[in-house]
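Text of work20.pdb (PDB, C-alpha atoms) as supplied:
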```pdb
MODEL        1
ATOM      1  CA  MET H   4     -79.818 -72.204  58.833
ATOM      2  CA  ARG H   5     -80.562 -68.590  59.634
ATOM      3  CA  ARG H   6     -77.721 -68.631  62.124
ATOM      4  CA  SER H   7     -75.253 -69.828  59.533
ATOM      5  CA  VAL H   8     -76.329 -67.007  57.233
ATOM      6  CA  HIS H   9     -75.729 -64.472  59.982
ATOM      7  CA  VAL H  10     -72.328 -65.970  60.621
ATOM      8  CA  GLY H  11     -71.446 -65.734  56.917
ATOM      9  CA  ILE H  12     -72.491 -62.079  56.759
ATOM     10  CA  LEU H  13     -70.449 -61.276  59.844
ATOM     11  CA  ILE H  14     -67.381 -62.959  58.383
ATOM     12  CA  LEU H  15     -67.782 -60.949  55.118
ATOM     13  CA  VAL H  16     -68.060 -57.682  57.052
ATOM     14  CA  LEU H  17     -64.947 -58.495  59.030
ATOM     15  CA  LEU H  18     -63.022 -59.248  55.815
ATOM     16  CA  VAL H  19     -64.024 -55.900  54.285
ATOM     17  CA  VAL H  20     -63.005 -53.987  57.403
ATOM     18  CA  ALA H  21     -59.651 -55.780  57.554
ATOM     19  CA  SER H  22     -58.958 -55.080  53.893
ATOM     20  CA  GLY H  23     -59.583 -51.316  54.360
ATOM     21  CA  ALA H  24     -57.350 -51.180  57.417
ATOM     22  CA  HIS H  25     -54.556 -52.924  55.530
ATOM     23  CA  ALA H  26     -54.835 -50.435  52.649
ATOM     24  CA  GLN H  27     -54.554 -47.445  55.047
ATOM     25  CA  SER H  28     -51.466 -48.922  56.703
ATOM     26  CA  GLN H  29     -49.521 -49.152  53.427
ATOM     27  CA  PRO H  30     -47.232 -46.156  52.594
ATOM     28  CA  PRO H  31     -48.263 -44.099  49.554
ATOM     29  CA  SER H  32     -46.713 -45.223  46.307
ATOM     30  CA  PRO H  33     -43.972 -42.872  45.132
ATOM     31  CA  GLN H  34     -45.016 -40.371  42.482
ATOM     32  CA  PRO H  35     -42.772 -39.741  39.436
ATOM     33  CA  PRO H  36     -40.755 -36.536  39.885
ATOM     34  CA  ALA H  37     -42.043 -33.491  38.069
ATOM     35  CA  PRO H  38     -39.853 -32.377  35.174
ATOM     36  CA  SER H  39     -37.553 -29.576  36.306
ATOM     37  CA  ALA H  40     -36.948 -26.423  34.232
ATOM     38  CA  PRO H  41     -33.692 -26.531  32.273
ATOM     39  CA  ALA H  42     -30.840 -24.677  33.950
ATOM     40  CA  ALA H  43     -29.779 -21.424  32.291
ATOM     41  CA  SER H  44     -26.658 -21.873  30.252
ATOM     42  CA  PRO H  45     -23.654 -19.670  31.131
ATOM     43  CA  ALA H  46     -23.841 -18.042  27.744
ATOM     44  CA  ALA H  47     -27.443 -16.941  28.438
ATOM     45  CA  SER H  48     -26.514 -15.296  31.730
ATOM     46  CA  PRO H  49     -26.734 -11.464  31.583
ATOM     47  CA  LYS H  50     -23.268 -11.258  33.093
ATOM     48  CA  ASN H  51     -21.785 -13.345  30.279
ATOM     49  CA  GLN H  52     -23.594 -11.652  27.405
ATOM     50  CA  ALA H  53     -21.407  -9.545  25.082
ATOM     51  CA  PRO H  54     -22.018  -5.806  25.559
ATOM     52  CA  VAL H  55     -23.901  -4.047  22.794
ATOM     53  CA  PRO H  56     -21.359  -2.007  20.821
ATOM     54  CA  LYS H  57     -21.782   1.744  21.029
ATOM     55  CA  PRO H  58     -22.150   3.776  17.841
ATOM     56  CA  LEU H  59     -18.805   4.734  16.399
ATOM     57  CA  ARG H  60     -17.774   8.331  16.864
ATOM     58  CA  HIS H  61     -16.410  10.362  14.035
ATOM     59  CA  ALA H  62     -12.626  10.485  14.047
ATOM     60  CA  ARG H  63     -11.102  13.834  14.772
ATOM     61  CA  LYS H  64      -9.081  15.166  11.889
ATOM     62  CA  VAL H  65      -6.151  17.497  12.328
ATOM     63  CA  ILE H  66      -5.942  20.084   9.601
ATOM     64  CA  THR H  67      -2.478  20.262   8.086
ATOM     65  CA  ASP H  68      -0.920  22.144   5.208
ATOM     66  CA  ASP H  69      -1.289  18.974   3.129
ATOM     67  CA  ASP H  70      -5.070  19.396   3.324
ATOM     68  CA  ILE H  71      -5.002  22.868   1.843
ATOM     69  CA  GLN H  72      -2.103  22.791  -0.555
ATOM     70  CA  GLY H  73      -2.691  23.714  -4.151
ATOM     71  CA  ILE H  74      -5.862  25.820  -4.309
ATOM     72  CA  GLY H  75      -4.891  26.930  -7.802
ATOM     73  CA  SER H  76      -1.314  27.575  -6.808
ATOM     74  CA  ILE H  77       1.799  25.746  -5.680
ATOM     75  CA  TYR H  78       2.195  28.129  -2.753
ATOM     76  CA  LYS H  79       1.772  26.531   0.672
ATOM     77  CA  GLY H  80       2.168  29.442   3.062
ATOM     78  CA  GLY H  81       4.917  31.290   4.865
ATOM     79  CA  GLY H  82       7.305  28.338   4.551
ATOM     80  CA  GLY H  83       7.412  28.531   0.775
ATOM     81  CA  PRO H  84       5.838  26.787  -2.212
ATOM     82  CA  ASP H  85       5.202  23.069  -2.387
ATOM     83  CA  LEU H  86       8.088  21.793  -4.511
ATOM     84  CA  SER H  87       6.935  18.173  -4.709
ATOM     85  CA  GLY H  88       6.023  18.640  -8.371
ATOM     86  CA  ILE H  89       8.738  21.080  -9.356
ATOM     87  CA  ASN H  90      10.285  18.541 -11.770
ATOM     88  CA  ASP H  91       6.963  17.715 -13.449
ATOM     89  CA  CYS H  92       6.408  18.818 -17.019
ATOM     90  CA  ASP H  93       3.102  18.353 -18.859
ATOM     91  CA  ARG H  94       2.353  19.101 -22.526
ATOM     92  CA  ASN H  95       2.081  22.843 -21.930
ATOM     93  CA  CYS H  96       5.392  22.722 -20.083
ATOM     94  CA  PHE H  97       6.966  20.829 -22.981
ATOM     95  CA  GLU H  98       5.847  23.511 -25.422
ATOM     96  CA  SER H  99       7.095  26.308 -23.181
ATOM     97  CA  VAL H 100      10.517  24.716 -22.785
ATOM     98  CA  ARG H 101      10.778  23.934 -26.501
ATOM     99  CA  SER H 102       9.915  27.525 -27.398
ATOM    100  CA  ALA H 103      12.376  28.972 -24.854
ATOM    101  CA  ALA H 104      15.116  26.660 -26.157
ATOM    102  CA  ARG H 105      14.313  27.689 -29.759
ATOM    103  CA  ILE H 106      13.817  24.098 -30.863
ATOM    104  CA  TYR H 107      11.893  23.608 -34.092
ATOM    105  CA  PRO H 108       9.006  21.140 -33.514
ATOM    106  CA  ASN H 109      10.013  18.662 -36.187
ATOM    107  CA  GLY H 110       8.844  15.140 -35.299
ATOM    108  CA  THR H 111       9.109  13.791 -31.775
ATOM    109  CA  GLU H 112      12.861  13.546 -31.318
ATOM    110  CA  TRP H 113      12.976  16.825 -29.430
ATOM    111  CA  LYS H 114      10.486  15.410 -26.913
ATOM    112  CA  ARG H 115      12.788  12.476 -26.186
ATOM    113  CA  ASP H 116      15.659  14.936 -25.800
ATOM    114  CA  LEU H 117      13.581  16.963 -23.339
ATOM    115  CA  LEU H 118      12.792  13.861 -21.291
ATOM    116  CA  ASP H 119      16.522  13.213 -20.999
ATOM    117  CA  ALA H 120      17.110  16.856 -20.099
ATOM    118  CA  ILE H 121      14.523  16.730 -17.309
ATOM    119  CA  ASP H 122      16.108  13.579 -15.890
ATOM    120  CA  LYS H 123      19.506  15.282 -15.771
ATOM    121  CA  VAL H 124      18.099  18.352 -14.049
ATOM    122  CA  ARG H 125      16.224  16.165 -11.566
ATOM    123  CA  SER H 126      19.411  14.284 -10.685
ATOM    124  CA  ASP H 127      21.406  17.488 -10.100
ATOM    125  CA  GLY H 128      21.544  17.592  -6.298
ATOM    126  CA  PRO H 129      22.957  21.118  -5.855
ATOM    127  CA  TRP H 130      20.363  22.515  -8.234
ATOM    128  CA  GLN H 131      17.497  20.796  -6.439
ATOM    129  CA  GLY H 132      18.756  22.201  -3.157
ATOM    130  CA  LEU H 133      18.893  25.695  -4.644
ATOM    131  CA  LEU H 134      15.284  25.393  -5.771
ATOM    132  CA  GLY H 135      14.379  24.824  -2.127
ATOM    133  CA  GLU H 136      16.106  28.081  -1.219
ATOM    134  CA  PHE H 137      14.164  29.888  -3.950
ATOM    135  CA  GLY H 138      11.008  28.537  -2.331
ATOM    136  CA  THR H 139      12.049  29.833   1.081
ATOM    137  CA  VAL H 140      12.671  33.334  -0.281
ATOM    138  CA  ARG H 141       9.327  33.307  -2.089
ATOM    139  CA  GLY H 142       7.704  32.339   1.192
ATOM    140  CA  LYS H 143       9.445  35.282   2.842
ATOM    141  CA  PHE H 144       7.973  37.684   0.282
ATOM    142  CA  CYS H 145       4.483  36.302   0.857
ATOM    143  CA  SER H 146       4.802  36.496   4.648
ATOM    144  CA  LEU H 147       6.013  40.086   4.470
ATOM    145  CA  GLU H 148       3.147  41.046   2.213
ATOM    146  CA  GLN H 149       0.575  39.527   4.554
ATOM    147  CA  GLU H 150       2.133  41.080   7.657
ATOM    148  CA  ARG H 151       2.311  44.495   5.996
ATOM    149  CA  ASN H 152      -1.344  44.362   4.999
ATOM    150  CA  GLU H 153      -2.375  43.379   8.523
ATOM    151  CA  GLU H 154      -0.402  46.228  10.089
ATOM    152  CA  LEU H 155      -1.749  48.738   7.588
ATOM    153  CA  ALA H 156      -5.293  47.629   8.368
ATOM    154  CA  ARG H 157      -4.705  48.421  12.043
ATOM    155  CA  VAL H 158      -3.271  51.923  11.581
ATOM    156  CA  SER H 159      -4.935  53.167   8.407
ATOM    157  CA  ASP H 160      -7.692  55.777   8.342
ATOM    158  CA  PRO H 161     -10.050  55.421   5.353
ATOM    159  CA  HIS H 162     -10.390  59.226   5.219
ATOM    160  CA  ASN H 163      -6.815  60.331   5.803
ATOM    161  CA  VAL H 164      -3.225  59.153   5.376
ATOM    162  CA  THR H 165      -1.739  58.775   8.842
ATOM    163  CA  ALA H 166       1.800  58.958  10.147
ATOM    164  CA  GLY H 167       1.464  55.398  11.399
ATOM    165  CA  GLU H 168       0.560  54.213   7.906
ATOM    166  CA  ILE H 169       3.649  55.864   6.447
ATOM    167  CA  SER H 170       5.834  54.316   9.158
ATOM    168  CA  VAL H 171       4.525  50.851   8.314
ATOM    169  CA  GLU H 172       5.247  51.388   4.620
ATOM    170  CA  GLU H 173       8.787  52.523   5.374
ATOM    171  CA  LYS H 174       9.375  49.543   7.645
ATOM    172  CA  TYR H 175       8.297  47.025   5.029
ATOM    173  CA  ASN H 176      10.079  48.781   2.194
ATOM    174  CA  ARG H 177      13.318  48.047   4.051
ATOM    175  CA  LEU H 178      12.305  44.436   4.653
ATOM    176  CA  PHE H 179      11.341  43.896   1.018
ATOM    177  CA  LYS H 180      14.668  45.321  -0.154
ATOM    178  CA  SER H 181      16.473  42.844   2.070
ATOM    179  CA  ALA H 182      14.437  39.965   0.639
ATOM    180  CA  GLN H 183      15.110  41.226  -2.874
ATOM    181  CA  ALA H 184      18.843  41.162  -2.177
ATOM    182  CA  ASP H 185      18.533  37.544  -1.043
ATOM    183  CA  LEU H 186      16.719  36.713  -4.277
ATOM    184  CA  LEU H 187      19.397  38.324  -6.427
ATOM    185  CA  THR H 188      22.037  36.287  -4.614
ATOM    186  CA  LEU H 189      20.104  33.124  -5.475
ATOM    187  CA  TYR H 190      19.957  34.116  -9.136
ATOM    188  CA  ASP H 191      23.732  34.529  -9.155
ATOM    189  CA  ARG H 192      24.172  31.061  -7.700
ATOM    190  CA  ALA H 193      21.651  29.661 -10.179
ATOM    191  CA  HIS H 194      23.608  31.123 -13.071
ATOM    192  CA  PHE H 195      26.731  29.395 -11.800
ATOM    193  CA  LEU H 196      25.033  26.000 -11.393
ATOM    194  CA  LYS H 197      23.450  26.188 -14.827
ATOM    195  CA  GLN H 198      26.850  26.305 -16.465
ATOM    196  CA  ALA H 199      27.110  22.557 -15.931
ATOM    197  CA  HIS H 200      24.115  22.234 -18.295
ATOM    198  CA  ALA H 201      25.197  24.866 -20.809
ATOM    199  CA  SER H 202      25.626  22.284 -23.573
ATOM    200  CA  SER H 203      21.862  21.619 -23.609
ATOM    201  CA  ALA H 204      19.457  24.415 -24.433
ATOM    202  CA  LEU H 205      16.602  22.226 -23.231
ATOM    203  CA  GLU H 206      18.153  21.708 -19.811
ATOM    204  CA  MET H 207      18.828  25.422 -19.406
ATOM    205  CA  ALA H 208      15.297  26.325 -20.494
ATOM    206  CA  PHE H 209      13.730  23.828 -18.081
ATOM    207  CA  MET H 210      15.815  25.160 -15.193
ATOM    208  CA  ASP H 211      14.697  28.712 -15.970
ATOM    209  CA  LEU H 212      11.103  27.532 -16.046
ATOM    210  CA  GLN H 213      11.503  25.978 -12.600
ATOM    211  CA  THR H 214      12.785  29.149 -10.951
ATOM    212  CA  ASN H 215      10.057  31.149 -12.666
ATOM    213  CA  ARG H 216       7.417  28.760 -11.338
ATOM    214  CA  ILE H 217       8.588  29.345  -7.785
ATOM    215  CA  ILE H 218       9.026  33.105  -7.887
ATOM    216  CA  THR H 219       5.640  33.701  -9.529
ATOM    217  CA  ALA H 220       3.736  31.319  -7.247
ATOM    218  CA  SER H 221       0.641  32.989  -5.807
ATOM    219  CA  CYS H 222       0.321  33.799  -2.126
ATOM    220  CA  TYR H 223      -2.738  33.168   0.005
ATOM    221  CA  SER H 224      -3.625  33.780   3.623
ATOM    222  CA  LEU H 225      -4.071  30.713   5.838
ATOM    223  CA  SER H 226      -6.273  32.720   8.200
ATOM    224  CA  GLN H 227      -8.834  33.303   5.449
ATOM    225  CA  LEU H 228      -9.370  29.638   4.639
ATOM    226  CA  TYR H 229     -12.563  27.881   5.708
ATOM    227  CA  ARG H 230     -11.812  25.244   8.309
ATOM    228  CA  PRO H 231     -14.532  22.530   8.510
ATOM    229  CA  ASN H 232     -15.750  21.192  11.852
ATOM    230  CA  TRP H 233     -14.364  17.659  12.108
ATOM    231  CA  GLU H 234     -15.582  17.116  15.683
ATOM    232  CA  SER H 235     -18.308  14.551  16.349
ATOM    233  CA  SER H 236     -21.743  15.989  17.071
ATOM    234  CA  ASP H 237     -22.291  13.455  19.885
ATOM    235  CA  ASP H 238     -19.397  14.669  22.031
ATOM    236  CA  PRO H 239     -20.426  15.119  25.686
TER
ENDMDL
END
```
Could you spell out this file's structure in structure tokens?
Amino acid sequence: MRRSVHVGILILVLLVVASGAHAQSQPPSPQPPAPSAPAASPAASPKNQAPVPKPLRHARKVITDDDIQGIGSIYKGGGGPDLSGINDCDRNCFESVRSAARIYPNGTEWKRDLLDAIDKVRSDGPWQGLLGEFGTVRGKFCSLEQERNEELARVSDPHNVTAGEISVEEKYNRLFKSAQADLLTLYDRAHFLKQAHASSALEMAFMDLQTNRIITASCYSLSQLYRPNWESSDDP
């Protein structure tokens, strides 16, 4: 009896040992793969990212005569007055032309007549071309005046009249006389061209007003004008 018990215990021990050895001989069960990090998309790559735009720089502006025209006058500089509005006529102009033409202001018919007169003067090609020549001569007067003043400033003595000052005055007196002769020639040509409009006092009066506008246009010195700084402050 006791022997059979010993035999049973021995068999149980052998079974346990065999079971452990079998478990060690089995390969380990595969483990589920660890989740991998998502791959970076091409759009997220630093190389493919759009560059950050730089702040815009102020545009450089070139100062032209168009920027400084007017200034209380139709004169543009040494080249002559700006004639772009020489055929314009506002209410004051209407009254001036009416008075010069000796038209009695009765009703509004004379205003319609003046509108027609202005259209005819505007469409007169030779006359419009002559107005351009008046502008050139006016520009010549203004240039001479500025040049004379600059030369006098260089040679004048505030305490005494100098020989150099007198020489400058004589020089420009001759130049002004030459320009005056050119102006008189233009007036002669203007008188001839106006004969085509002699039947209309309004047309004649408006043409006289145009030449007067040009010849009395004020002069100014370009060198005395303030020129703003248009350059960007972030220039290297």
Atom pair CA of Lys197 (chain H) / CA of Gly135 (chain H): separation (Å)
15.7 Å
How big is the axis-aligned box around all listed atoms of region 195-202 of chain H once 6 Å goes on each side, and where's its centre, in Å to one decimal, as AutoDock Vina command-line options?
```
--center_x 25.3 --center_y 25.8 --center_z -17.5 --size_x 15.7 --size_y 19.2 --size_z 24.2
```
On this file, the PyMOL selection byres ((chain H and resi 175-189) around 7) gives some set of residues; write that set as a PyMOL selection string.
chain H and resi 137+140+144+151+171-174+190-193
Pairwise distance, CA of Asn90 (chain H) with CA of Gly110 (chain H), equals 23.8 Å
Distance in Å - CA of Trp113 (chain H) versus CA of Val100 (chain H)
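Those two atoms sit 10.6 Å apart.
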Convert the output of the PyMOL selection byres ((chain H and resi 91) around 12) on the shown file into explicit residues, formatted as a list in words.
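So the PyMOL selection byres ((chain H and resi 91) around 12) ends up selecting Leu86, Ser87, Gly88, Ile89, Asn90, Cys92, Asp93, Arg94, Asn95, Cys96, Phe97, Leu117, Leu118, Ile121, Asp122, Val124, Arg125, Phe209, Met210, Leu212, Gln213 and Arg216 of chain H.
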Generate a file of the selected residues that holds C-alpha atoms, formatted as a PDB file, in the frame of the given file.
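Wrote part-v6.pdb, looks like this:
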```pdb
ATOM      1  CA  LEU H  86       8.088  21.793  -4.511  1.00  0.00           C
ATOM      2  CA  SER H  87       6.935  18.173  -4.709  1.00  0.00           C
ATOM      3  CA  GLY H  88       6.023  18.640  -8.371  1.00  0.00           C
ATOM      4  CA  ILE H  89       8.738  21.080  -9.356  1.00  0.00           C
ATOM      5  CA  ASN H  90      10.285  18.541 -11.770  1.00  0.00           C
ATOM      6  CA  CYS H  92       6.408  18.818 -17.019  1.00  0.00           C
ATOM      7  CA  ASP H  93       3.102  18.353 -18.859  1.00  0.00           C
ATOM      8  CA  ARG H  94       2.353  19.101 -22.526  1.00  0.00           C
ATOM      9  CA  ASN H  95       2.081  22.843 -21.930  1.00  0.00           C
ATOM     10  CA  CYS H  96       5.392  22.722 -20.083  1.00  0.00           C
ATOM     11  CA  PHE H  97       6.966  20.829 -22.981  1.00  0.00           C
ATOM     12  CA  LEU H 117      13.581  16.963 -23.339  1.00  0.00           C
ATOM     13  CA  LEU H 118      12.792  13.861 -21.291  1.00  0.00           C
ATOM     14  CA  ILE H 121      14.523  16.730 -17.309  1.00  0.00           C
ATOM     15  CA  ASP H 122      16.108  13.579 -15.890  1.00  0.00           C
ATOM     16  CA  VAL H 124      18.099  18.352 -14.049  1.00  0.00           C
ATOM     17  CA  ARG H 125      16.224  16.165 -11.566  1.00  0.00           C
ATOM     18  CA  PHE H 209      13.730  23.828 -18.081  1.00  0.00           C
ATOM     19  CA  MET H 210      15.815  25.160 -15.193  1.00  0.00           C
ATOM     20  CA  LEU H 212      11.103  27.532 -16.046  1.00  0.00           C
ATOM     21  CA  GLN H 213      11.503  25.978 -12.600  1.00  0.00           C
ATOM     22  CA  ARG H 216       7.417  28.760 -11.338  1.00  0.00           C
TER      23      ARG H 216
END
```
Given the point (12.5, 26.5, -2.5) in the file's coordinates, find the residues that have an atom at most 10 Å from it, counting all atoms listed in the file, and give them as a list in words.
Gly82, Gly83, Pro84, Asp85, Leu86, Ile89, Gln131, Gly132, Leu133, Leu134, Gly135, Glu136, Phe137, Gly138, Thr139, Val140, Arg141, Gly142, Thr214, Ile217 and Ile218 of chain H
What's around region 153-156 of chain H at 10 Å? Count all atoms listed in the file, leave out sequence neighbours fewer than 6 positions away in its own chain, and write the answer as an NGL selection string.
:H and (147 or 167-172)
Smallest atom-to-atom distance to Ser126 (chain H): which of H:Glu112, H:Leu205, H:His200, H:Thr219, using all atoms listed in the file?
H:His200
Rank nothing, just name the residue among H:Thr165, H:Ser159, H:Asn215, H:Ser202 nearest to Ser99 (chain H), using all atoms listed in the file.
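Of H:Thr165, H:Ser159, H:Asn215, H:Ser202, the one nearest Ser99 (chain H) is H:Asn215, counting all atoms listed in the file.
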